Structures are given as structure tokens and as C-alpha cells.
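**Student:** I am sharing protein05.cif, which consists of mmCIF, C-alpha atoms:
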```
data_protein
#
loop_
_atom_site.label_atom_id
_atom_site.label_comp_id
_atom_site.auth_asym_id
_atom_site.auth_seq_id
_atom_site.Cartn_x
_atom_site.Cartn_y
_atom_site.Cartn_z
CA MET A 1 112.51 14.68 66.17
CA LEU A 2 113.20 18.17 64.82
CA PHE A 3 109.48 18.95 64.85
CA SER A 4 109.14 17.72 68.43
CA ARG A 5 112.03 19.89 69.62
CA ARG A 6 110.53 22.93 67.92
CA LEU A 7 107.13 22.21 69.44
CA MET A 8 108.59 21.86 72.92
CA LEU A 9 110.62 25.08 72.53
CA GLY A 10 107.52 26.93 71.33
CA LEU A 11 105.45 25.72 74.25
CA ALA A 12 108.21 26.74 76.66
CA MET A 13 108.34 30.25 75.20
CA ILE A 14 104.56 30.60 75.43
CA GLY A 15 104.69 29.51 79.04
CA THR A 16 107.44 32.04 79.80
CA MET A 17 105.45 34.84 78.16
CA ALA A 18 102.29 33.89 80.02
CA GLY A 19 104.20 33.89 83.29
CA ALA A 20 105.59 37.33 82.54
CA LEU A 21 102.14 38.66 81.73
CA ALA A 22 100.80 37.26 84.96
CA VAL A 23 103.27 39.39 87.02
CA PRO A 24 101.86 42.92 87.59
CA ALA A 25 103.95 45.66 85.95
CA LYS A 26 105.78 47.88 88.39
CA ALA A 27 103.89 51.16 88.68
CA GLU A 28 105.85 54.31 87.88
CA GLY A 29 106.40 56.59 90.89
CA PRO A 30 105.91 60.34 90.99
CA THR A 31 108.34 62.64 89.22
CA GLU A 32 110.76 63.82 91.87
CA ILE A 33 111.92 67.44 91.74
CA ASP A 34 113.85 69.85 93.94
CA LEU A 35 112.88 73.45 94.63
CA PHE A 36 115.74 75.71 95.72
CA PHE A 37 114.55 78.54 97.97
CA PRO A 38 116.28 81.40 99.83
CA VAL A 39 115.38 83.14 103.08
CA PRO A 40 116.39 86.78 102.51
CA VAL A 41 114.30 88.39 105.28
CA ASP A 42 113.41 88.02 108.94
CA GLY A 43 110.78 85.56 110.09
CA LYS A 44 109.65 81.96 109.76
CA LEU A 45 109.76 81.71 105.98
CA ALA A 46 111.50 78.32 105.93
CA ARG A 47 108.77 76.75 108.04
CA ASP A 48 106.09 78.32 105.85
CA MET A 49 107.78 76.85 102.79
CA GLY A 50 107.64 73.40 104.35
CA THR A 51 103.91 73.80 104.91
CA LEU A 52 103.36 74.93 101.32
CA ILE A 53 105.30 72.09 99.71
CA LYS A 54 103.65 69.49 101.96
CA GLU A 55 100.24 70.63 100.71
CA PHE A 56 101.43 70.53 97.10
CA ASN A 57 102.66 66.94 97.41
CA GLU A 58 99.43 65.84 99.09
CA THR A 59 97.33 67.29 96.28
CA HIS A 60 99.60 66.31 93.35
CA PRO A 61 100.40 62.58 93.61
CA GLY A 62 102.19 62.61 90.25
CA VAL A 63 104.92 64.93 91.57
CA LYS A 64 107.09 64.78 94.66
CA ALA A 65 108.69 68.14 95.38
CA THR A 66 111.45 68.65 97.93
CA ALA A 67 112.19 72.17 99.19
CA VAL A 68 115.92 72.80 99.60
CA TYR A 69 117.00 75.85 101.61
CA THR A 70 119.87 77.61 99.82
CA GLY A 71 120.69 80.65 101.98
CA SER A 72 120.54 84.26 100.78
CA TYR A 73 119.62 85.43 97.29
CA ASP A 74 123.30 85.57 96.36
CA ASP A 75 123.93 82.09 97.81
CA THR A 76 120.98 80.71 95.86
CA LEU A 77 122.39 82.03 92.60
CA ILE A 78 125.80 80.47 93.33
CA LYS A 79 124.31 77.08 94.25
CA THR A 80 121.97 77.05 91.26
CA ARG A 81 124.82 77.79 88.87
CA ALA A 82 126.94 75.06 90.46
CA ALA A 83 124.11 72.55 90.05
CA ILE A 84 123.63 73.53 86.39
CA LYS A 85 127.35 73.18 85.74
CA ALA A 86 127.35 69.74 87.40
CA GLY A 87 124.50 68.62 85.14
CA LYS A 88 122.07 68.29 88.05
CA PRO A 89 119.96 71.45 88.04
CA PRO A 90 117.00 71.77 90.40
CA ALA A 91 113.67 71.73 88.58
CA ALA A 92 112.61 75.09 90.01
CA VAL A 93 114.24 77.93 91.93
CA ILE A 94 112.87 80.93 93.81
CA MET A 95 115.42 83.28 92.29
CA SER A 96 116.02 86.95 93.02
CA ALA A 97 114.11 88.68 90.24
CA ASN A 98 117.05 90.85 89.24
CA PHE A 99 119.30 87.86 88.48
CA LEU A 100 117.21 86.67 85.55
CA LEU A 101 118.81 88.90 82.92
CA ASP A 102 122.32 87.77 83.84
CA MET A 103 121.23 84.11 83.82
CA GLN A 104 119.54 84.53 80.44
CA ILE A 105 122.69 86.10 79.01
CA GLU A 106 124.63 83.06 80.25
CA ASN A 107 122.05 80.60 78.79
CA GLU A 108 121.15 79.27 82.24
CA LEU A 109 117.35 79.65 82.04
CA THR A 110 114.50 77.75 80.43
CA ASN A 111 112.35 79.94 78.19
CA LEU A 112 108.77 79.49 79.44
CA ASP A 113 106.98 80.60 76.26
CA SER A 114 106.36 77.07 74.95
CA LEU A 115 104.96 75.89 78.29
CA ILE A 116 102.57 78.84 78.37
CA ALA A 117 101.48 78.11 74.79
CA ALA A 118 100.96 74.41 75.62
CA ASP A 119 98.40 75.51 78.22
CA GLY A 120 96.39 77.10 75.43
CA THR A 121 97.00 80.68 76.45
CA THR A 122 99.18 83.60 75.38
CA LYS A 123 102.08 85.32 77.08
CA GLU A 124 99.97 88.46 77.40
CA LYS A 125 97.12 86.63 79.16
CA PHE A 126 99.50 84.68 81.38
CA LEU A 127 101.41 87.78 82.47
CA GLY A 128 98.15 89.68 82.82
CA GLN A 129 97.56 87.83 86.11
CA PHE A 130 100.41 89.77 87.71
CA PHE A 131 100.92 93.42 88.62
CA PRO A 132 102.41 95.26 85.60
CA ALA A 133 105.30 96.64 87.68
CA LEU A 134 106.65 93.09 88.09
CA GLN A 135 106.90 92.25 84.43
CA GLY A 136 110.10 94.21 83.79
CA ASN A 137 112.15 91.63 85.68
CA ALA A 138 110.24 88.61 84.30
CA VAL A 139 110.32 89.30 80.55
CA ILE A 140 113.55 89.42 78.54
CA ASN A 141 113.53 90.10 74.81
CA ARG A 142 109.74 89.64 74.78
CA SER A 143 109.99 86.11 76.21
CA VAL A 144 108.93 84.97 79.68
CA TYR A 145 111.74 83.60 81.84
CA GLY A 146 110.29 84.02 85.34
CA VAL A 147 106.96 83.91 87.13
CA PRO A 148 106.57 86.45 89.98
CA PHE A 149 106.24 84.60 93.29
CA HIS A 150 106.99 86.81 96.26
CA ASN A 151 107.72 90.43 95.71
CA SER A 152 108.41 93.51 97.74
CA THR A 153 109.06 97.19 97.76
CA PRO A 154 111.02 99.05 100.43
CA LEU A 155 108.83 100.65 103.07
CA LEU A 156 109.26 103.26 105.78
CA TYR A 157 108.43 101.69 109.16
CA ILE A 158 107.54 104.10 111.99
CA ASN A 159 107.26 103.43 115.71
CA ALA A 160 103.93 105.19 116.21
CA ASP A 161 104.28 105.38 119.98
CA LYS A 162 107.64 107.12 119.77
CA ALA A 163 106.36 109.45 117.05
CA LYS A 164 103.51 110.59 119.32
CA GLU A 165 105.96 111.10 122.21
CA ALA A 166 107.97 113.42 119.93
CA GLY A 167 104.89 115.42 118.99
CA LEU A 168 104.64 113.87 115.51
CA ASP A 169 101.51 112.43 113.89
CA PRO A 170 102.18 108.84 112.70
CA ASN A 171 99.04 109.03 110.57
CA LYS A 172 100.72 111.79 108.57
CA PRO A 173 104.16 110.30 107.82
CA PRO A 174 106.94 112.35 106.20
CA GLN A 175 106.49 112.74 102.45
CA THR A 176 109.78 114.39 101.49
CA TRP A 177 113.44 114.05 102.45
CA ALA A 178 113.24 117.42 104.23
CA GLU A 179 110.27 116.29 106.33
CA PHE A 180 111.91 112.94 106.95
CA THR A 181 115.15 114.56 108.15
CA ASP A 182 113.15 116.72 110.53
CA TRP A 183 111.32 113.65 111.87
CA ALA A 184 114.61 111.78 112.33
CA LYS A 185 116.06 114.71 114.32
CA LYS A 186 113.02 114.85 116.60
CA LEU A 187 113.07 111.09 117.12
CA THR A 188 116.77 110.90 118.02
CA LYS A 189 117.43 110.92 121.77
CA ARG A 190 120.74 111.59 123.55
CA ASP A 191 122.07 111.25 127.04
CA GLY A 192 125.05 113.57 126.88
CA ASP A 193 127.22 112.34 124.01
CA LYS A 194 125.56 108.92 123.98
CA VAL A 195 122.67 108.25 121.59
CA THR A 196 119.93 106.27 123.35
CA GLN A 197 117.53 106.25 120.39
CA TRP A 198 118.33 106.70 116.72
CA GLY A 199 115.86 108.47 114.48
CA ILE A 200 116.37 106.14 111.50
CA ALA A 201 118.09 102.89 110.53
CA ILE A 202 118.76 101.94 106.89
CA PRO A 203 120.38 98.59 106.00
CA CYS A 204 123.62 98.31 104.08
CA ALA A 205 125.09 94.87 103.54
CA TYR A 206 125.66 93.01 100.29
CA ASP A 207 122.44 92.86 98.26
CA TYR A 208 120.39 95.07 100.61
CA CYS A 209 122.80 97.98 100.19
CA GLY A 210 122.43 98.03 96.42
CA TRP A 211 118.65 97.92 96.73
CA MET A 212 118.67 100.83 99.17
CA MET A 213 120.91 102.86 96.87
CA GLU A 214 118.53 102.18 94.00
CA THR A 215 115.63 103.24 96.25
CA LEU A 216 117.23 106.54 97.25
CA THR A 217 118.49 107.27 93.74
CA MET A 218 115.05 106.67 92.22
CA SER A 219 113.39 108.94 94.77
CA ASN A 220 116.00 111.53 93.83
CA GLY A 221 114.91 111.41 90.19
CA GLY A 222 117.60 109.04 88.95
CA ARG A 223 118.11 105.68 87.29
CA TYR A 224 120.44 103.05 88.68
CA TYR A 225 120.98 101.29 85.34
CA ASN A 226 119.85 101.13 81.72
CA GLU A 227 116.62 99.10 81.87
CA GLU A 228 116.87 98.32 78.14
CA PHE A 229 120.48 97.14 78.02
CA GLY A 230 122.55 95.08 80.44
CA GLY A 231 125.83 96.89 79.88
CA GLU A 232 125.35 100.30 81.52
CA VAL A 233 125.00 101.56 85.08
CA TYR A 234 124.68 105.14 86.30
CA TYR A 235 126.70 105.42 89.49
CA ASP A 236 128.63 108.63 88.87
CA THR A 237 125.58 110.87 88.38
CA PRO A 238 124.04 113.86 90.22
CA SER A 239 120.99 111.81 91.26
CA MET A 240 123.06 109.07 92.90
CA LEU A 241 125.53 111.58 94.34
CA GLY A 242 122.63 113.42 95.99
CA ALA A 243 121.22 110.14 97.32
CA LEU A 244 124.49 108.95 98.86
CA THR A 245 125.30 112.41 100.21
CA TRP A 246 121.93 112.55 101.99
CA TRP A 247 122.46 109.09 103.50
CA ASN A 248 125.93 110.14 104.60
CA ASP A 249 124.54 113.40 106.04
CA LEU A 250 122.03 111.46 108.15
CA ILE A 251 125.03 109.86 109.85
CA TYR A 252 127.72 112.53 110.04
CA LYS A 253 125.89 115.86 109.67
CA HIS A 254 122.49 115.34 111.27
CA LYS A 255 123.68 112.47 113.50
CA VAL A 256 120.32 110.67 113.40
CA HIS A 257 121.60 107.36 111.93
CA ALA A 258 124.19 105.08 113.52
CA PRO A 259 127.63 105.20 111.83
CA GLY A 260 128.67 102.29 109.65
CA ALA A 261 127.07 99.80 107.30
CA THR A 262 124.37 97.85 109.15
CA PRO A 263 122.99 94.47 107.94
CA GLY A 264 119.24 94.03 107.51
CA PRO A 265 118.68 91.77 110.56
CA ALA A 266 120.46 94.29 112.80
CA VAL A 267 118.20 97.05 111.47
CA SER A 268 115.01 95.12 112.23
CA THR A 269 116.36 94.17 115.66
CA SER A 270 117.11 97.82 116.38
CA PHE A 271 113.59 98.81 115.39
CA ILE A 272 111.87 96.04 117.35
CA SER A 273 113.96 96.79 120.46
CA GLY A 274 113.14 100.49 120.29
CA ASN A 275 116.71 101.51 119.58
CA ALA A 276 115.62 103.01 116.24
CA ALA A 277 112.34 104.88 115.88
CA MET A 278 112.12 104.47 112.09
CA MET A 279 113.63 102.13 109.55
CA MET A 280 113.63 101.54 105.80
CA LEU A 281 113.20 97.84 105.11
CA SER A 282 111.48 95.40 102.78
CA THR A 283 107.77 94.70 103.00
CA GLY A 284 108.98 91.09 103.26
CA SER A 285 109.77 91.90 106.90
CA LEU A 286 106.24 93.08 107.64
CA THR A 287 104.99 89.83 109.20
CA TYR A 288 108.09 89.69 111.40
CA VAL A 289 107.41 93.23 112.63
CA ARG A 290 103.71 92.53 113.11
CA ASP A 291 104.48 89.41 115.17
CA ASN A 292 107.25 90.91 117.30
CA ALA A 293 106.63 94.63 117.80
CA LYS A 294 105.39 95.40 121.32
CA PHE A 295 104.29 98.86 120.22
CA ALA A 296 101.99 100.47 117.68
CA TYR A 297 103.66 100.99 114.29
CA LYS A 298 102.87 102.43 110.90
CA VAL A 299 104.22 101.77 107.42
CA ALA A 300 104.44 104.41 104.70
CA PHE A 301 105.81 105.18 101.24
CA ILE A 302 109.53 105.90 100.95
CA PRO A 303 109.87 109.71 101.11
CA ARG A 304 110.89 111.56 97.94
CA ASN A 305 113.29 114.32 97.12
CA VAL A 306 112.43 114.70 93.41
CA ARG A 307 109.75 112.04 92.79
CA ASN A 308 107.99 109.07 94.35
CA ALA A 309 109.67 105.96 92.95
CA VAL A 310 110.91 102.65 94.36
CA PRO A 311 112.42 99.48 92.91
CA ILE A 312 110.72 96.12 92.90
CA GLY A 313 112.34 93.50 95.11
CA GLY A 314 111.74 89.85 95.87
CA ALA A 315 111.86 86.77 93.71
CA SER A 316 110.44 84.91 90.74
CA LEU A 317 110.09 81.20 90.12
CA ILE A 318 112.39 80.04 87.35
CA MET A 319 113.39 76.78 85.68
CA PRO A 320 117.12 76.33 85.09
CA ALA A 321 118.36 75.12 81.73
CA GLY A 322 119.08 71.42 81.25
CA LEU A 323 115.84 69.81 82.51
CA ASP A 324 114.30 66.78 80.80
CA ALA A 325 110.68 66.93 79.63
CA ASP A 326 109.21 65.14 82.67
CA ARG A 327 110.91 67.42 85.18
CA GLN A 328 109.97 70.49 83.15
CA LYS A 329 106.34 69.41 83.21
CA ALA A 330 106.44 68.70 86.95
CA ALA A 331 108.16 72.02 87.69
CA TRP A 332 105.62 73.92 85.60
CA THR A 333 102.81 72.26 87.57
CA LEU A 334 104.46 73.38 90.82
CA ILE A 335 105.10 76.93 89.58
CA LYS A 336 101.52 77.47 88.42
CA TRP A 337 100.16 76.12 91.70
CA MET A 338 102.45 78.28 93.84
CA THR A 339 101.53 81.44 91.92
CA SER A 340 97.77 80.80 91.82
CA PRO A 341 95.55 83.41 93.52
CA GLU A 342 94.85 81.25 96.56
CA LYS A 343 98.45 80.18 97.23
CA SER A 344 99.82 83.61 96.37
CA ALA A 345 97.44 85.10 98.93
CA TRP A 346 98.36 82.51 101.57
CA TRP A 347 102.08 83.13 101.09
CA SER A 348 101.58 86.89 101.35
CA ARG A 349 99.69 86.54 104.63
CA ALA A 350 102.33 84.19 106.00
CA THR A 351 105.45 86.16 105.04
CA GLY A 352 104.60 89.82 104.52
CA TYR A 353 105.56 89.89 100.84
CA PHE A 354 102.78 91.25 98.68
CA ALA A 355 100.97 88.81 96.40
CA PRO A 356 102.05 89.25 92.75
CA ASN A 357 98.85 87.66 91.43
CA MET A 358 96.29 90.46 91.42
CA ALA A 359 93.36 88.06 91.87
CA ALA A 360 94.82 87.09 95.26
CA TYR A 361 93.38 90.29 96.69
CA LYS A 362 89.85 89.22 95.74
CA THR A 363 89.95 85.93 97.65
CA PRO A 364 87.74 85.94 100.78
CA ASP A 365 90.60 85.14 103.17
CA MET A 366 92.70 87.98 101.77
CA VAL A 367 89.86 90.48 101.94
CA GLU A 368 89.33 89.59 105.59
CA PHE A 369 93.07 89.75 106.28
CA LEU A 370 93.45 93.23 104.79
CA ASN A 371 90.49 94.50 106.78
CA LYS A 372 92.29 93.40 109.94
CA ASN A 373 95.79 94.39 108.75
CA PRO A 374 95.57 97.54 106.62
CA ASP A 375 99.37 97.93 106.85
CA ALA A 376 99.65 95.18 104.21
CA LYS A 377 98.03 97.49 101.64
CA THR A 378 100.87 100.03 101.58
CA ALA A 379 103.31 98.01 99.48
CA VAL A 380 100.56 97.25 96.95
CA GLU A 381 99.60 100.92 96.74
CA GLN A 382 103.28 101.81 96.22
CA LEU A 383 103.32 99.62 93.08
CA ASP A 384 101.92 102.58 91.17
CA VAL A 385 105.38 104.18 91.41
CA ALA A 386 107.48 100.99 91.29
CA LYS A 387 110.19 100.35 88.70
CA PRO A 388 112.21 97.25 87.73
CA TRP A 389 114.99 96.03 90.00
CA PHE A 390 118.64 96.57 89.03
CA ALA A 391 119.61 93.89 86.47
CA THR A 392 122.73 93.76 84.29
CA TYR A 393 125.36 91.43 82.95
CA LYS A 394 127.29 90.10 85.99
CA THR A 395 124.65 91.60 88.26
CA VAL A 396 126.25 90.63 91.56
CA PRO A 397 129.81 91.86 90.83
CA VAL A 398 128.52 95.08 89.26
CA ARG A 399 126.28 95.67 92.29
CA LYS A 400 129.16 94.95 94.65
CA ASN A 401 131.32 97.48 92.80
CA LEU A 402 128.91 100.09 94.18
CA GLU A 403 128.25 98.47 97.56
CA ASP A 404 131.94 98.30 98.47
CA GLU A 405 132.24 102.05 97.94
CA VAL A 406 128.99 102.91 99.74
CA MET A 407 130.16 100.93 102.77
CA LEU A 408 133.38 102.95 102.84
CA VAL A 409 131.33 106.16 102.86
CA LEU A 410 129.01 105.02 105.65
CA ASN A 411 132.04 103.93 107.67
CA GLY A 412 133.54 107.41 107.33
CA LYS A 413 136.46 106.34 105.12
CA LYS A 414 135.50 108.06 101.85
CA GLN A 415 133.45 110.98 100.61
CA PRO A 416 130.45 110.28 98.34
CA LYS A 417 131.79 111.91 95.15
CA GLU A 418 135.11 110.07 95.30
CA ALA A 419 133.37 106.77 96.12
CA LEU A 420 130.90 106.95 93.24
CA ALA A 421 133.61 107.79 90.71
CA ALA A 422 135.51 104.70 91.86
CA ALA A 423 132.35 102.57 91.74
CA GLN A 424 131.60 103.68 88.19
CA LYS A 425 135.15 102.92 87.04
CA ALA A 426 135.05 99.44 88.59
CA ALA A 427 131.60 98.67 87.16
CA ASP A 428 132.62 99.81 83.67
CA GLU A 429 135.55 97.40 83.86
CA THR A 430 133.28 94.54 84.96
CA LEU A 431 130.86 95.27 82.11
CA LYS A 432 133.59 95.64 79.47
CA PRO A 433 133.45 92.05 78.07
CA TYR A 434 129.69 92.22 77.56
CA ASN A 435 129.87 95.62 75.87
CA ALA A 436 132.66 94.36 73.63
CA GLU A 437 130.33 91.65 72.34
CA THR A 438 127.22 93.83 72.09
CA SER A 439 127.12 97.61 71.96
CA LEU A 440 130.73 97.99 70.80
CA LYS A 441 130.73 95.08 68.34
CA LEU A 442 130.17 96.96 65.10
CA PRO A 443 129.80 95.76 61.51
#
```
What's the C-alpha cells form of this structure?
**Tutor:**
Amino acid sequence: MLFSRRLMLGLAMIGTMAGALAVPAKAEGPTEIDLFFPVPVDGKLARDMGTLIKEFNETHPGVKATAVYTGSYDDTLIKTRAAIKAGKPPAAVIMSANFLLDMQIENELTNLDSLIAADGTTKEKFLGQFFPALQGNAVINRSVYGVPFHNSTPLLYINADKAKEAGLDPNKPPQTWAEFTDWAKKLTKRDGDKVTQWGIAIPCAYDYCGWMMETLTMSNGGRYYNEEFGGEVYYDTPSMLGALTWWNDLIYKHKVHAPGATPGPAVSTSFISGNAAMMMLSTGSLTYVRDNAKFAYKVAFIPRNVRNAVPIGGASLIMPAGLDADRQKAAWTLIKWMTSPEKSAWWSRATGYFAPNMAAYKTPDMVEFLNKNPDAKTAVEQLDVAKPWFATYKTVPVRKNLEDEVMLVLNGKKQPKEALAAAQKAADETLKPYNAETSLKLP
């Protein structure tokens, strides 16, 4: 009896196992990841991103990426940090390149060194794909934390038709601040006390304003911050005082720039409408200008007072901290694909940002594009004088310490010297905790 029961039980178990084996195992689906992306410039960037990610998903069945629009660069940082804190970080983020140092200090980034090594290459070879000027905002303490994706420099945009009307040669743009001031005077038109055409428009809103101040300070021989240490900024200096004074003079002395702090979109609108004959704006706006300008235009280097120098702008692809191995692998696949020569070139043609991957400029489509659109070469040529983008501990608050004061100057409420002294004092206070734990923490 006992033997019979055991035999029957054994046969039943075998039958159950056979039945289970006969049912096909459920196939694992693709690894699903989110990509946070900002839209910091004019144009159709969001639609272009949709096109890019659609192609990636169609060619990579093991990964399903979803592009999530996150607003401005500052908004993207806030939303990424909130997601990390909630334990649900996106797998990849197109992050403003100058936020990486602050995020690394706060342990919010994935170090990419091991992923690069797993591909059988070195950091030097991997970074060697990209323009050297971009590496300052991608490498921290000799480790790679970001991969350059879309990058920019500020450019001088000139309405060539209006320049010719004023007796100026748009093929010989102003090289110095003195020449530029003269151009702006000749390009400003008045009907009595009313200005009907401004000579120049320069953006000043949060984020853009800090970048413009870095641009003008660099071209005046200065440094915005200590590139080797995240605890020092140089606001109260002769080079920045000269830069802000000149900007202020364009408004209140020479009267060739509209009073007040003007956001980037308003500057591009003013240029496209013919209300401003020149503007300083990101190369990321180049496609927007090309598609919308009803006049001939030229782009040129930012004029110098002491030297030719501009800051890098734009964004890198990063992986936030807290990802599991599968999502890290999927994100790395996406990042490498998006920064390949072919995709880097496509994105540059679509948006106006220059392609960080140097090999992009050797692809047949890009060679043909540059032959038809030589204006896209200017930002790349300006890389020879490009420097890293402002990056410190608490980057956004420290930047806003300056921007708040610059806006007061441009609105006629403060003088440059007083404003920069106040900005320096506020920034030093913001940086105090970091300095207490680093440069002032002595044995």
C-alpha cells in the first residue's frame, strides 16, 4: 500500500513537471529606460528628439527608451535630483555640462570609467573622439562622468542686409569691442526719441545671463571661476567689472541696446523681426535663425577686448546614481549610440549645436551640409579659443548670486562696481560650507 501511494505520487509529480516543461517560458521584454531632456534654445528640438529615440528603439530591440521633456537646464537638474531622491532616477539625462561637478560633489552621478573599460578601451581613447575643449566639463578628478552630446559656444549674429545698408561689410565683422561698439552705433536707428532698430541684443535671464557674463569676462582677459576647485568664483575683479561696465554702457551710454534684462527667446525674436541688427546668442539657435530669417545673415566670433575666448555651453549625457546593472547597460548603449559620429552629425544638422564627436565632420552628409551651410563652421572654429563652462559647488545658486546683481545693473537700479561686490559677497557665503570641508579643513 505504502509503495503504491509513493508510486502514484511520483507519477503525478513527473506529470506535473512534464506539463510545466511543455508550456513555453515567457520571453523577457526589453529593458525600459527613461531619458530626461531639456529644450534650452529656440526651435523644434523636442520633435527632433522624438525622431532620434524612435530610430534608437527600432534598431535596438533589447532596449525601450522613452524621452521625457523636462524643461530648461535648471528645471532638468531639479527634476533629476528629485527622481534620485525618490529612488527612481532616469537611466540617462541630457544634463547641462556645467552641472556635473556639483552633482559629483553630491554623489549623484555614475562614474563611467568601468563601463568604458568593459568596452575594451581606455578613458583617453574614449575621450579622444571628442573636441578637447569639451573635456573640462566631462572629466572630474581624472574620471569620466559625462559624454558630450550637444554643445555650443556663443556667437555674434549679424543681419547682413542691415549691415550693408549702414555701410558696413558683413564679411568683415567687428573683431574688437571698440569696432563692435562702432557697428552697434551705426546699426541703431531712431525716429526722434524712439528707437526703431537696436544695434545689438544680448540675453540676460537665469542661466543665459551667467553664460553671457562668462563670455564677456573671458574676452576681457578674465576668469569667471577657479577651474581646478569648486569653491572659488571671481566676480569682484577688474576683468568682470570691465565686462559688466561695457554691457551697461551699451545700454545707458551708447544707447544701442534696449534697457533691461532680456530673455533669450525675446532676443532671437527681436533679431528675426529686424528690431535688432545684431545679437549674441548660442550656436544652438542657429537652425532656428536659418529656418526663420527672411534676410541674409552672418555669424562671427565674439569680439574681444583683451583676448579671444568663449565658454563652452550645451549638455552632456550622464547616468544618475542608483541605477541597477541592466538599466546601466541599456543607458550606456543609448549614450554611445547618440554620441556616435553619424547620430552626432544628424543632431547637429537638426538643431544647430555643433557635433562634439570630431568624426561627425567627416561623414558624407555632414560634408555636404557644411558646403551648403558654411555658417555652421564658425562655432567649430571658435573651439580653438573655448574654455570650460562655469562649474562650482552649488552651481545654480552661485550663478544666480551674480545674475541677480547683473539684472539690477541692466535695469538701471545699480552701478556695476557696487553690484559685483554684492555678488561676490553672496557667492562667498553660498560657497562657505564647501570651503569649510575642503580648502579650509586643515590637519
**Student:** Specify as an MDAnalysis selection string each residue included when the PyMOL selection byres ((chain A and resi 342-359) around 8) is applied to this file.
**Tutor:** chainID A and resid 43:45 48 129:131 134 148:152 283:288 314 337:341 360:363 366 369 376 379:380
**Student:** Take the PyMOL selection byres ((chain A and resi 241) around 10), apply it to the structure above, and return the hits as JSON, numbers by chain.
**Tutor:** {"A": [217, 220, 222, 235, 236, 237, 238, 239, 240, 242, 243, 244, 245, 246, 247, 416, 417, 418, 419, 420, 421]}
**Student:** For Glu106 of chain A, find every residue with an atom within 12 Å (counting only C-alpha atoms), except residues of its own chain fewer than 2 positions away, and show them as a ChimeraX atom specification.
**Tutor:** /A:81,84-85,99-104,108-110,320-321,392-395,434
**Student:** Restricting the calculation to all atoms listed in the file: of A:Val396, A:Val306, A:Ala82, A:Leu383, which residue gets closest to Ala178 of chain A?
**Tutor:**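 Of the candidates, the smallest distance to Ala178 of chain A is held by A:Val306.
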**Student:** List as a PyMOL selection string the protein and nucleic acid residues near Thr188 of chain A, meaning an atom at most 12 Å away when all atoms listed in the file are counted, but skip any in the same chain fewer than 2 places from it.
**Tutor:** chain A and resi 162-163+165-166+181-186+190-191+194-201+250-251+254-258+274-278
**Student:** Mind checking which residues fall within 8 Å of Lys400 of chain A, counting all atoms listed in the file, ignoring those fewer than 5 positions away in the same chain, and posting them as a list in words?
**Tutor:**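 My reading of the contact set: Tyr206, Asp207 and Gly210 of chain A.
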**Student:** Using only C-alpha atoms, pick whichever of A:Tyr73, A:Gly87, A:Ser143, A:Ile78 has the shortest atom-to-atom distance to Gly322 of chain A.
**Tutor:**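 The closest residue to Gly322 of chain A is A:Gly87.
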